[in-house]
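Raw coords29.pdb, PDB, C-alpha atoms:
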```
ATOM      1  CA  MET A  21      98.823 145.093 134.033
ATOM      2  CA  ARG A  22     100.889 142.493 135.927
ATOM      3  CA  HIS A  23      99.078 139.194 136.380
ATOM      4  CA  ARG A  24      99.731 136.701 139.151
ATOM      5  CA  TRP A  25     100.903 134.259 136.466
ATOM      6  CA  ALA A  26     103.735 136.563 135.349
ATOM      7  CA  THR A  27     106.253 135.047 137.781
ATOM      8  CA  ARG A  28     105.961 131.517 136.435
ATOM      9  CA  VAL A  29     106.675 129.748 133.183
ATOM     10  CA  VAL A  30     103.667 130.151 130.916
ATOM     11  CA  LEU A  31     101.892 126.857 130.359
ATOM     12  CA  ILE A  32      99.997 126.770 127.089
ATOM     13  CA  THR A  33      97.556 123.879 127.323
ATOM     14  CA  ILE A  34      96.235 122.856 123.915
ATOM     15  CA  PHE A  35      93.288 120.496 124.120
ATOM     16  CA  ALA A  36      92.552 118.578 120.928
ATOM     17  CA  PRO A  37      90.139 115.726 120.160
ATOM     18  CA  ALA A  38      90.648 113.058 117.514
ATOM     19  CA  ASN A  39      90.228 113.956 113.831
ATOM     20  CA  VAL A  40      91.740 117.404 114.378
ATOM     21  CA  HIS A  41      93.570 119.223 111.582
ATOM     22  CA  LEU A  42      97.231 118.694 112.411
ATOM     23  CA  LEU A  43      98.053 122.153 111.011
ATOM     24  CA  GLU A  44      96.186 123.769 113.891
ATOM     25  CA  ILE A  45      98.187 121.966 116.566
ATOM     26  CA  ALA A  46     101.493 122.272 114.726
ATOM     27  CA  GLY A  47     100.886 125.920 113.823
ATOM     28  CA  LEU A  48     100.218 126.869 117.429
ATOM     29  CA  ARG A  49     103.126 124.910 118.856
ATOM     30  CA  ASP A  50     105.623 126.001 116.197
ATOM     31  CA  ALA A  51     104.738 129.670 116.677
ATOM     32  CA  PHE A  52     105.255 129.492 120.448
ATOM     33  CA  PHE A  53     108.435 127.435 119.963
ATOM     34  CA  GLU A  54     109.903 130.070 117.641
ATOM     35  CA  ALA A  55     108.957 132.798 120.109
ATOM     36  CA  ASN A  56     110.894 130.942 122.817
ATOM     37  CA  CYS A  57     113.947 130.740 120.555
ATOM     38  CA  LYS A  58     113.984 134.483 119.949
ATOM     39  CA  MET A  59     112.836 136.109 123.199
ATOM     40  CA  ARG A  60     115.543 137.598 125.398
ATOM     41  CA  THR A  61     113.416 138.627 128.353
ATOM     42  CA  GLY A  62     110.119 137.494 129.809
ATOM     43  CA  LYS A  63     108.834 134.063 130.621
ATOM     44  CA  PRO A  64     109.043 131.411 127.902
ATOM     45  CA  TYR A  65     106.122 129.312 126.792
ATOM     46  CA  ARG A  66     105.871 125.718 127.928
ATOM     47  CA  MET A  67     103.334 123.778 125.906
ATOM     48  CA  GLN A  68     101.266 120.767 126.833
ATOM     49  CA  LEU A  69      99.055 118.911 124.376
ATOM     50  CA  VAL A  70      96.136 117.215 126.101
ATOM     51  CA  THR A  71      93.503 114.806 124.799
ATOM     52  CA  GLU A  72      90.755 112.998 126.647
ATOM     53  CA  HIS A  73      92.617 109.703 126.993
ATOM     54  CA  GLY A  74      96.232 110.752 126.351
ATOM     55  CA  THR A  75      96.831 107.954 123.855
ATOM     56  CA  ILE A  76      98.165 108.044 120.302
ATOM     57  CA  THR A  77      95.565 109.951 118.299
ATOM     58  CA  GLU A  78      94.859 110.086 114.579
ATOM     59  CA  SER A  79      94.517 113.496 112.952
ATOM     60  CA  ALA A  80      92.062 114.325 110.161
ATOM     61  CA  SER A  81      94.721 113.624 107.528
ATOM     62  CA  GLY A  82      95.647 110.271 109.059
ATOM     63  CA  VAL A  83      98.902 111.393 110.652
ATOM     64  CA  LYS A  84      99.097 110.138 114.224
ATOM     65  CA  PHE A  85     100.354 112.243 117.126
ATOM     66  CA  MET A  86     101.172 111.547 120.747
ATOM     67  CA  PRO A  87      99.671 113.935 123.321
ATOM     68  CA  ASP A  88     101.544 114.896 126.482
ATOM     69  CA  ALA A  89      98.777 114.021 128.899
ATOM     70  CA  CYS A  90      95.170 112.993 129.362
ATOM     71  CA  VAL A  91      92.576 115.155 131.103
ATOM     72  CA  ARG A  92      92.863 113.053 134.262
ATOM     73  CA  ASP A  93      96.587 113.814 134.632
ATOM     74  CA  ALA A  94      96.689 117.386 133.248
ATOM     75  CA  THR A  95      95.993 119.155 136.532
ATOM     76  CA  GLU A  96      98.602 121.939 136.429
ATOM     77  CA  ARG A  97      97.033 125.361 136.083
ATOM     78  CA  SER A  98      97.322 126.891 132.618
ATOM     79  CA  ASP A  99      98.156 130.469 131.841
ATOM     80  CA  THR A 100      96.452 130.013 128.485
ATOM     81  CA  LEU A 101      94.000 127.316 127.423
ATOM     82  CA  ILE A 102      93.481 126.805 123.686
ATOM     83  CA  VAL A 103      90.807 124.351 122.593
ATOM     84  CA  VAL A 104      91.227 122.979 119.070
ATOM     85  CA  GLY A 105      88.233 121.323 117.451
ATOM     86  CA  PRO A 106      87.989 118.387 115.053
ATOM     87  CA  ASN A 107      87.272 118.367 111.348
ATOM     88  CA  GLY A 108      83.571 119.193 111.330
ATOM     89  CA  VAL A 109      81.268 119.846 114.248
ATOM     90  CA  PRO A 110      82.456 117.949 117.346
ATOM     91  CA  ALA A 111      80.278 115.396 119.059
ATOM     92  CA  ARG A 112      79.044 116.060 122.549
ATOM     93  CA  SER A 113      81.939 116.018 125.019
ATOM     94  CA  SER A 114      82.109 113.490 127.802
ATOM     95  CA  GLU A 115      81.482 114.639 131.357
ATOM     96  CA  ASP A 116      85.212 114.273 132.107
ATOM     97  CA  VAL A 117      86.193 116.615 129.282
ATOM     98  CA  THR A 118      83.489 119.163 130.109
ATOM     99  CA  ARG A 119      84.498 119.219 133.773
ATOM    100  CA  TRP A 120      88.188 119.541 132.884
ATOM    101  CA  LEU A 121      87.544 122.407 130.451
ATOM    102  CA  ARG A 122      85.542 124.315 133.051
ATOM    103  CA  GLU A 123      88.197 123.834 135.720
ATOM    104  CA  GLN A 124      91.053 124.844 133.426
ATOM    105  CA  ALA A 125      89.213 127.862 131.988
ATOM    106  CA  GLY A 126      88.237 128.991 135.471
ATOM    107  CA  GLN A 127      91.842 129.215 136.636
ATOM    108  CA  SER A 128      93.498 130.384 133.399
ATOM    109  CA  ARG A 129      94.438 133.975 132.649
ATOM    110  CA  ARG A 130      92.824 133.580 129.247
ATOM    111  CA  TYR A 131      91.183 130.814 127.276
ATOM    112  CA  GLY A 132      89.672 130.304 123.877
ATOM    113  CA  SER A 133      89.365 128.215 120.760
ATOM    114  CA  ALA A 134      90.657 127.600 117.282
ATOM    115  CA  CYS A 135      88.207 126.633 114.546
ATOM    116  CA  THR A 136      85.463 124.274 115.773
ATOM    117  CA  GLY A 137      86.930 124.239 119.253
ATOM    118  CA  ALA A 138      84.320 126.945 119.863
ATOM    119  CA  PHE A 139      81.691 124.183 119.967
ATOM    120  CA  LEU A 140      83.560 122.389 122.761
ATOM    121  CA  LEU A 141      83.748 125.584 124.788
ATOM    122  CA  ALA A 142      80.096 126.304 124.049
ATOM    123  CA  GLN A 143      79.075 122.836 125.243
ATOM    124  CA  ALA A 144      80.836 123.594 128.532
ATOM    125  CA  GLY A 145      79.013 126.917 128.856
ATOM    126  CA  LEU A 146      82.272 128.861 128.525
ATOM    127  CA  LEU A 147      81.145 131.164 125.710
ATOM    128  CA  SER A 148      77.785 132.198 127.137
ATOM    129  CA  GLY A 149      77.201 135.922 126.703
ATOM    130  CA  ARG A 150      80.460 136.266 124.761
ATOM    131  CA  ARG A 151      81.381 137.313 121.244
ATOM    132  CA  ALA A 152      83.000 134.476 119.311
ATOM    133  CA  THR A 153      83.816 133.131 115.880
ATOM    134  CA  THR A 154      84.515 129.763 114.294
ATOM    135  CA  HIS A 155      85.054 128.316 110.826
ATOM    136  CA  TRP A 156      82.702 130.137 108.448
ATOM    137  CA  GLN A 157      81.141 126.845 107.339
ATOM    138  CA  TYR A 158      79.850 126.112 110.857
ATOM    139  CA  ALA A 159      79.196 129.610 112.196
ATOM    140  CA  GLU A 160      75.486 129.529 111.411
ATOM    141  CA  ARG A 161      75.102 126.243 113.269
ATOM    142  CA  LEU A 162      77.002 127.558 116.288
ATOM    143  CA  ALA A 163      74.692 130.569 116.435
ATOM    144  CA  ALA A 164      71.580 128.397 116.068
ATOM    145  CA  GLU A 165      72.569 125.866 118.732
ATOM    146  CA  TYR A 166      73.876 128.459 121.195
ATOM    147  CA  PRO A 167      71.793 131.642 120.843
ATOM    148  CA  ASP A 168      73.420 133.114 123.957
ATOM    149  CA  ILE A 169      76.703 133.447 121.995
ATOM    150  CA  ARG A 170      77.153 136.484 119.735
ATOM    151  CA  VAL A 171      78.656 134.701 116.736
ATOM    152  CA  GLU A 172      80.619 136.858 114.280
ATOM    153  CA  PRO A 173      80.994 134.590 111.246
ATOM    154  CA  ASP A 174      83.228 136.753 109.070
ATOM    155  CA  GLN A 175      85.979 137.389 111.617
ATOM    156  CA  ILE A 176      89.455 135.869 111.620
ATOM    157  CA  PHE A 177      89.912 136.493 115.320
ATOM    158  CA  VAL A 178      87.577 137.696 118.077
ATOM    159  CA  ARG A 179      88.632 138.776 121.561
ATOM    160  CA  ASP A 180      86.073 139.332 124.317
ATOM    161  CA  GLY A 181      87.826 140.056 127.592
ATOM    162  CA  PRO A 182      89.892 137.011 128.567
ATOM    163  CA  VAL A 183      88.127 134.869 125.961
ATOM    164  CA  PHE A 184      89.384 134.525 122.384
ATOM    165  CA  SER A 185      88.328 132.529 119.332
ATOM    166  CA  SER A 186      89.631 132.166 115.806
ATOM    167  CA  ALA A 187      88.368 130.990 112.450
ATOM    168  CA  GLY A 188      89.288 127.835 110.563
ATOM    169  CA  VAL A 189      92.536 125.863 110.353
ATOM    170  CA  SER A 190      95.308 128.330 109.388
ATOM    171  CA  ALA A 191      93.690 131.011 111.536
ATOM    172  CA  ALA A 192      95.190 129.123 114.501
ATOM    173  CA  ILE A 193      98.510 130.613 113.410
ATOM    174  CA  ASP A 194      96.968 134.106 113.430
ATOM    175  CA  LEU A 195      95.735 133.305 116.920
ATOM    176  CA  ALA A 196      99.242 132.370 118.089
ATOM    177  CA  PHE A 197     100.681 135.580 116.643
ATOM    178  CA  SER A 198      98.075 137.677 118.432
ATOM    179  CA  LEU A 199      98.828 136.022 121.787
ATOM    180  CA  ILE A 200     102.586 136.417 121.298
ATOM    181  CA  GLU A 201     102.085 140.071 120.428
ATOM    182  CA  GLU A 202      99.954 140.561 123.535
ATOM    183  CA  ASP A 203     102.591 138.947 125.758
ATOM    184  CA  HIS A 204     105.829 140.183 124.219
ATOM    185  CA  GLY A 205     105.063 142.924 121.706
ATOM    186  CA  SER A 206     104.656 143.246 117.957
ATOM    187  CA  ALA A 207     108.380 142.975 117.170
ATOM    188  CA  LEU A 208     108.589 139.395 118.423
ATOM    189  CA  ALA A 209     105.312 138.437 116.750
ATOM    190  CA  LEU A 210     106.589 139.820 113.446
ATOM    191  CA  TRP A 211     109.898 137.977 113.844
ATOM    192  CA  VAL A 212     108.069 134.694 114.401
ATOM    193  CA  ALA A 213     105.865 135.322 111.362
ATOM    194  CA  ARG A 214     108.908 135.929 109.189
ATOM    195  CA  ARG A 215     110.698 132.923 110.648
ATOM    196  CA  LEU A 216     107.739 130.729 109.682
ATOM    197  CA  VAL A 217     107.486 132.525 106.319
ATOM    198  CA  VAL A 218     103.940 133.615 107.114
ATOM    199  CA  PHE A 219     102.874 137.223 106.685
ATOM    200  CA  LEU A 220     101.778 138.891 109.908
ATOM    201  CA  LYS A 221      99.008 140.690 108.096
ATOM    202  CA  ARG A 222      95.532 139.741 109.236
ATOM    203  CA  PRO A 223      93.902 141.907 111.880
ATOM    204  CA  GLY A 224      91.169 140.441 114.020
ATOM    205  CA  GLY A 225      88.492 142.335 112.136
ATOM    206  CA  GLN A 226      89.419 141.054 108.708
ATOM    207  CA  SER A 227      86.825 138.975 106.941
ATOM    208  CA  GLN A 228      87.432 135.239 106.547
ATOM    209  CA  PHE A 229      86.504 135.724 102.902
ATOM    210  CA  SER A 230      88.964 137.183 100.398
ATOM    211  CA  ALA A 231      87.276 139.075  97.583
ATOM    212  CA  THR A 232      90.267 138.678  95.270
ATOM    213  CA  LEU A 233      90.657 134.958  95.851
ATOM    214  CA  THR A 234      86.944 134.302  95.615
ATOM    215  CA  ALA A 235      86.747 136.101  92.296
ATOM    216  CA  GLN A 236      89.379 133.823  90.788
ATOM    217  CA  ILE A 237      87.867 130.493  91.859
ATOM    218  CA  ALA A 238      85.647 130.259  88.795
ATOM    219  CA  THR A 239      84.655 132.450  85.889
ATOM    220  CA  THR A 240      81.906 130.429  84.254
ATOM    221  CA  SER A 241      78.677 131.832  85.681
ATOM    222  CA  PRO A 242      77.494 135.395  84.961
ATOM    223  CA  ILE A 243      78.179 136.527  88.505
ATOM    224  CA  ASP A 244      81.684 135.037  88.469
ATOM    225  CA  LYS A 245      82.467 136.972  85.308
ATOM    226  CA  VAL A 246      81.193 140.143  86.950
ATOM    227  CA  ARG A 247      83.369 139.556  89.998
ATOM    228  CA  LEU A 248      86.442 139.042  87.841
ATOM    229  CA  HIS A 249      85.560 142.201  85.886
ATOM    230  CA  ILE A 250      85.444 144.147  89.171
ATOM    231  CA  LEU A 251      88.767 142.707  90.301
ATOM    232  CA  GLU A 252      90.516 143.534  87.038
ATOM    233  CA  ASN A 253      88.976 147.007  86.675
ATOM    234  CA  PRO A 254      88.786 148.558  90.169
ATOM    235  CA  ARG A 255      89.136 152.119  88.821
ATOM    236  CA  ALA A 256      86.318 151.768  86.312
ATOM    237  CA  ASP A 257      82.759 152.981  86.780
ATOM    238  CA  LEU A 258      81.397 150.111  88.873
ATOM    239  CA  SER A 259      77.957 151.467  89.545
ATOM    240  CA  LEU A 260      75.069 149.023  89.240
ATOM    241  CA  SER A 261      74.004 150.361  85.835
ATOM    242  CA  ALA A 262      77.563 150.366  84.429
ATOM    243  CA  VAL A 263      78.366 146.845  85.610
ATOM    244  CA  ALA A 264      75.008 145.580  84.366
ATOM    245  CA  ARG A 265      75.769 146.993  80.910
ATOM    246  CA  ALA A 266      79.176 145.296  80.918
ATOM    247  CA  ALA A 267      77.564 142.008  81.946
ATOM    248  CA  GLY A 268      74.754 142.288  79.435
ATOM    249  CA  VAL A 269      72.004 141.980  82.025
ATOM    250  CA  SER A 270      69.513 144.368  83.570
ATOM    251  CA  PRO A 271      70.476 146.244  86.753
ATOM    252  CA  ARG A 272      67.570 144.624  88.573
ATOM    253  CA  HIS A 273      68.667 141.124  87.569
ATOM    254  CA  LEU A 274      72.284 141.811  88.556
ATOM    255  CA  SER A 275      71.193 143.171  91.920
ATOM    256  CA  ARG A 276      69.096 140.039  92.502
ATOM    257  CA  LEU A 277      72.053 137.807  91.593
ATOM    258  CA  PHE A 278      74.362 139.420  94.137
ATOM    259  CA  HIS A 279      71.845 139.263  96.942
ATOM    260  CA  ALA A 280      70.854 135.675  96.119
ATOM    261  CA  GLU A 281      74.348 134.223  95.641
ATOM    262  CA  LEU A 282      76.523 136.369  97.893
ATOM    263  CA  GLY A 283      74.067 137.916 100.316
ATOM    264  CA  ILE A 284      75.413 141.418  99.747
ATOM    265  CA  SER A 285      74.842 144.251  97.325
ATOM    266  CA  LEU A 286      77.009 144.969  94.319
ATOM    267  CA  ALA A 287      78.182 148.201  95.972
ATOM    268  CA  ASP A 288      79.326 146.305  99.063
ATOM    269  CA  TYR A 289      81.154 143.755  96.949
ATOM    270  CA  VAL A 290      82.919 146.484  94.962
ATOM    271  CA  GLU A 291      84.072 148.173  98.160
ATOM    272  CA  LEU A 292      85.316 144.890  99.650
ATOM    273  CA  THR A 293      87.267 144.128  96.471
ATOM    274  CA  ARG A 294      88.868 147.572  96.464
ATOM    275  CA  ILE A 295      89.796 147.163 100.116
ATOM    276  CA  GLU A 296      91.372 143.792  99.316
ATOM    277  CA  ILE A 297      93.487 145.404  96.594
ATOM    278  CA  ALA A 298      94.493 148.273  98.879
ATOM    279  CA  ARG A 299      95.401 145.864 101.673
ATOM    280  CA  GLY A 300      97.743 143.936  99.409
ATOM    281  CA  LEU A 301      99.491 147.130  98.335
ATOM    282  CA  LEU A 302      99.768 148.405 101.908
ATOM    283  CA  GLU A 303     101.303 145.118 103.027
ATOM    284  CA  ASP A 304     103.644 144.402 100.143
ATOM    285  CA  SER A 305     104.604 147.705  98.516
ATOM    286  CA  ALA A 306     106.169 151.039  99.427
ATOM    287  CA  SER A 307     103.674 153.041  97.373
ATOM    288  CA  PRO A 308     102.334 156.230  98.969
ATOM    289  CA  ILE A 309      98.817 155.886 100.331
ATOM    290  CA  LYS A 310      97.545 158.469  97.881
ATOM    291  CA  ARG A 311      98.754 156.266  95.026
ATOM    292  CA  ILE A 312      97.226 153.153  96.603
ATOM    293  CA  ALA A 313      93.857 154.876  96.899
ATOM    294  CA  HIS A 314      94.002 155.656  93.183
ATOM    295  CA  VAL A 315      95.115 152.186  92.072
ATOM    296  CA  ALA A 316      92.464 150.451  94.196
ATOM    297  CA  GLY A 317      89.725 152.623  92.724
ATOM    298  CA  PHE A 318      88.854 154.760  95.746
ATOM    299  CA  GLY A 319      89.625 158.029  94.026
ATOM    300  CA  SER A 320      90.795 159.829  97.168
ATOM    301  CA  THR A 321      92.594 159.091 100.406
ATOM    302  CA  ALA A 322      89.548 160.270 102.355
ATOM    303  CA  THR A 323      87.323 157.680 100.664
ATOM    304  CA  LEU A 324      89.934 154.982 101.296
ATOM    305  CA  ARG A 325      90.158 155.954 104.955
ATOM    306  CA  ARG A 326      86.386 155.857 105.468
ATOM    307  CA  ALA A 327      86.169 152.419 103.858
ATOM    308  CA  PHE A 328      88.986 151.029 106.037
ATOM    309  CA  MET A 329      87.488 152.418 109.222
ATOM    310  CA  ARG A 330      84.072 151.019 108.361
ATOM    311  CA  ARG A 331      85.207 147.550 107.236
ATOM    312  CA  ILE A 332      88.438 146.864 109.147
ATOM    313  CA  GLY A 333      88.335 149.280 112.046
ATOM    314  CA  VAL A 334      91.744 150.897 111.485
ATOM    315  CA  THR A 335      93.088 153.599 109.198
ATOM    316  CA  PRO A 336      95.197 152.611 106.163
ATOM    317  CA  MET A 337      98.239 154.209 107.791
ATOM    318  CA  HIS A 338      97.807 152.229 110.999
ATOM    319  CA  TYR A 339      97.214 149.070 108.969
ATOM    320  CA  ARG A 340     100.485 149.588 107.082
ATOM    321  CA  LEU A 341     102.499 150.332 110.219
ATOM    322  CA  ARG A 342     101.236 147.165 111.852
ATOM    323  CA  PHE A 343     101.115 144.672 109.020
ATOM    324  CA  GLN A 344     103.549 145.697 106.296
ATOM    325  CA  ALA A 345     105.932 142.866 105.501
ATOM    326  CA  THR A 346     108.384 144.674 103.199
ATOM    327  CA  GLY A 347     109.800 147.419 105.393
ATOM    328  CA  GLU A 348     109.062 151.037 106.119
ATOM    329  CA  GLY A 349     108.103 152.101 102.627
ATOM    330  CA  THR A 350     108.098 155.607 101.266
ATOM    331  CA  ARG A 351     105.909 158.187 102.877
ATOM    332  CA  ASP A 352     103.509 160.556 101.254
ATOM    333  CA  ASP A 353     103.498 163.125 104.059
ATOM    334  CA  GLU A 354     100.403 165.022 103.020
ATOM    335  CA  SER A 355      98.152 162.005 102.419
ATOM    336  CA  ASP A 356      99.574 159.954 105.299
ATOM    337  CA  ALA A 357      99.043 162.784 107.755
ATOM    338  CA  ALA A 358      95.433 162.997 106.681
ATOM    339  CA  LEU A 359      95.015 159.274 107.314
ATOM    340  CA  SER A 360      96.696 159.033 110.710
TER     341      SER A 360
END
```
Show me the file's structure as structure tokens.
Amino acid sequence: MRHRWATRVVLITIFAPANVHLLEIAGLRDAFFEANCKMRTGKPYRMQLVTEHGTITESASGVKFMPDACVRDATERSDTLIVVGPNGVPARSSEDVTRWLREQAGQSRRYGSACTGAFLLAQAGLLSGRRATTHWQYAERLAAEYPDIRVEPDQIFVRDGPVFSSAGVSAAIDLAFSLIEEDHGSALALWVARRLVVFLKRPGGQSQFSATLTAQIATTSPIDKVRLHILENPRADLSLSAVARAAGVSPRHLSRLFHAELGISLADYVELTRIEIARGLLEDSASPIKRIAHVAGFGSTATLRRAFMRRIGVTPMHYRLRFQATGEGTRDDESDAALS
């Protein structure tokens, strides 16, 4: 679809308050800058960083940055408005900021937030009736304070019509990649990801929580030891009774531990861990999908496919084609055809 903005230079307006994570601003701007350097056709991005007062501002880490404009002077219509939030839940916006956000969002082709910027949009009534996400640590509060927003706390990236939102800090880079891909195609987005030495590998439906990383944070409590056991033995019998025997506890006690500490069942955690293993192999290896299903503990390509569709929303084959960072890989024609 050709938008009325397509004939003009794209203005990416990034609004950021004080105490923002500098990585979010820099990640967004660097990604769009690299896209400009590579693109041969289409309109380049022109970026404008706006704060309420337009003065030198201190980031969360103490590094100061100079915005391009204040809300009073930033009157040019944006193609894309990205609102970046501060470290923690932002305070109530001033009337000037709220009015400016509403005006800019109303005339932009698309608008959205990175991290806690969702709170600033919510305060302006710009997420009402929409699906959205934010940093996992503040998602519950966003849902409680704004019940008219359908908060999806485990998502990296959520798109609801012209409105987008992303999870915490580094997810701003995922957000930039997704917008570049939407505007100019996956090839340019992948080039930018490689240029920045960041894997283009996280679909919007991926959980903010990594089962493999979480399992390695600590191994002192009983449940941490169980999680590490699952990670290191994905092909083993990981039924509740078998894992309970390995942990030296009763199945009932183990089940209670998982629900109390993680809020999910052991079976769900096992599946998420196996998916995490399969994802890594799909992204970084040329192994046939049939082999990946075996290594990750799924037993069959059909079981792997069902798990991917249920948890991620794409087939393993589609996931590999979109997010593999190492090249085409070898093909297992029989198993890949079954998964397409």
Can you list what the PyMOL selection byres ((chain A and resi 266-277) around 12) grabs from this structure, as number ranges by chain?
A: 241-250, 253, 256-265, 278-289
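Remark: for Met337 (chain A), the closest of the candidate residues A:Ala196, A:Leu324, A:Met67, A:Val171 is A:Leu324 (distances computed over only C-alpha atoms).
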Neighbour residues at most 6 Å from (108.9, 131.1, 130.0) (only C-alpha atoms) as a list in words
Val29, Val30, Lys63, Pro64 and Tyr65 of chain A
Need to verify the contact set: region 121-129 of chain A, 10 Å, only C-alpha atoms, exclusion of same-chain residues closer than 5 positions in sequence. Can you return it as a PyMOL selection string?
chain A and resi 23-25+31-33+35+91+94-103+115-116+140-141+143-146+182-183
Enumerate, as an NGL selection string, the residues matched when the PyMOL selection byres ((chain A and resi 36) around 12) is run on the file above.
:A and (33-35 or 37-46 or 48 or 68-80 or 85-91 or 101-107 or 110 or 113 or 117 or 121 or 133-138 or 140-141)
Could you list, as a ChimeraX atom specification, every residue matched by the PyMOL selection byres ((chain A and resi 155) around 10) in this structure?
/A:108-109,134-138,153-154,156-160,162,173-176,186-189,191,228
Output the selection as a short mmCIF file (atom, residue, chain, number, x, y, z; two decimals), in the coordinates of the input - C-alpha atoms for each residue.
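Everything below was put into selection16.cif:
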```cif
data_model
loop_
_atom_site.label_atom_id
_atom_site.label_comp_id
_atom_site.auth_asym_id
_atom_site.auth_seq_id
_atom_site.Cartn_x
_atom_site.Cartn_y
_atom_site.Cartn_z
CA GLY A 108 83.57 119.19 111.33
CA VAL A 109 81.27 119.85 114.25
CA ALA A 134 90.66 127.60 117.28
CA CYS A 135 88.21 126.63 114.55
CA THR A 136 85.46 124.27 115.77
CA GLY A 137 86.93 124.24 119.25
CA ALA A 138 84.32 126.94 119.86
CA THR A 153 83.82 133.13 115.88
CA THR A 154 84.52 129.76 114.29
CA TRP A 156 82.70 130.14 108.45
CA GLN A 157 81.14 126.84 107.34
CA TYR A 158 79.85 126.11 110.86
CA ALA A 159 79.20 129.61 112.20
CA GLU A 160 75.49 129.53 111.41
CA LEU A 162 77.00 127.56 116.29
CA PRO A 173 80.99 134.59 111.25
CA ASP A 174 83.23 136.75 109.07
CA GLN A 175 85.98 137.39 111.62
CA ILE A 176 89.46 135.87 111.62
CA SER A 186 89.63 132.17 115.81
CA ALA A 187 88.37 130.99 112.45
CA GLY A 188 89.29 127.84 110.56
CA VAL A 189 92.54 125.86 110.35
CA ALA A 191 93.69 131.01 111.54
CA GLN A 228 87.43 135.24 106.55
#
```
Given all atoms listed in the file as the counted atoms, nearest of A:Ile295, A:Leu199, A:Ile312, A:Leu341 to Ala327 (chain A):
A:Ile295
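Atom pair CA of His204 (chain A) / CA of Leu147 (chain A): separated by 26.3 Å.
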Determine, using all atoms listed in the file, which residues of region 148-204 of chain A have any atom at most 12 Å from an atom of region 214-217 of chain A, and tabulate each with its shortest atom pair and distance in Å to one decimal place, rows ordered by chain and then rising number, as CSV.
```
residue,atom,partner,partner_atom,distance
A:Ile193,CA,A:Leu216,CA,10.0
A:Asp194,CA,A:Leu216,CA,11.9
A:Phe197,CA,A:Leu216,CA,11.0
```
Please save C-alpha atoms of the selected residues as a PDB file, keeping the file's coordinate frame.
```
ATOM      1  CA  ILE A 193      98.510 130.613 113.410  1.00  0.00           C
ATOM      2  CA  ASP A 194      96.968 134.106 113.430  1.00  0.00           C
ATOM      3  CA  PHE A 197     100.681 135.580 116.643  1.00  0.00           C
TER       4      PHE A 197
END
```
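Of note, CA of Ser190 (chain A) and CA of Arg325 (chain A) are spaced 28.4 Å apart.
Relative to CA of Val334 (chain A), CA of Pro167 (chain A) is found at 29.3 Å.
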As AutoDock Vina command-line options: centre and edge lengths in Å, one decimal, of the axis-aligned box holding region 167-177 of chain A with 6 Å per side:
```
--center_x 80.9 --center_y 134.5 --center_z 116.5 --size_x 30.1 --size_y 17.7 --size_z 26.9
```
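The residue that comes closest to Asp50 (chain A), out of A:Ile332, A:Leu292, A:Ile309, A:Ile200 and on the basis of all atoms listed in the file, is A:Ile200.
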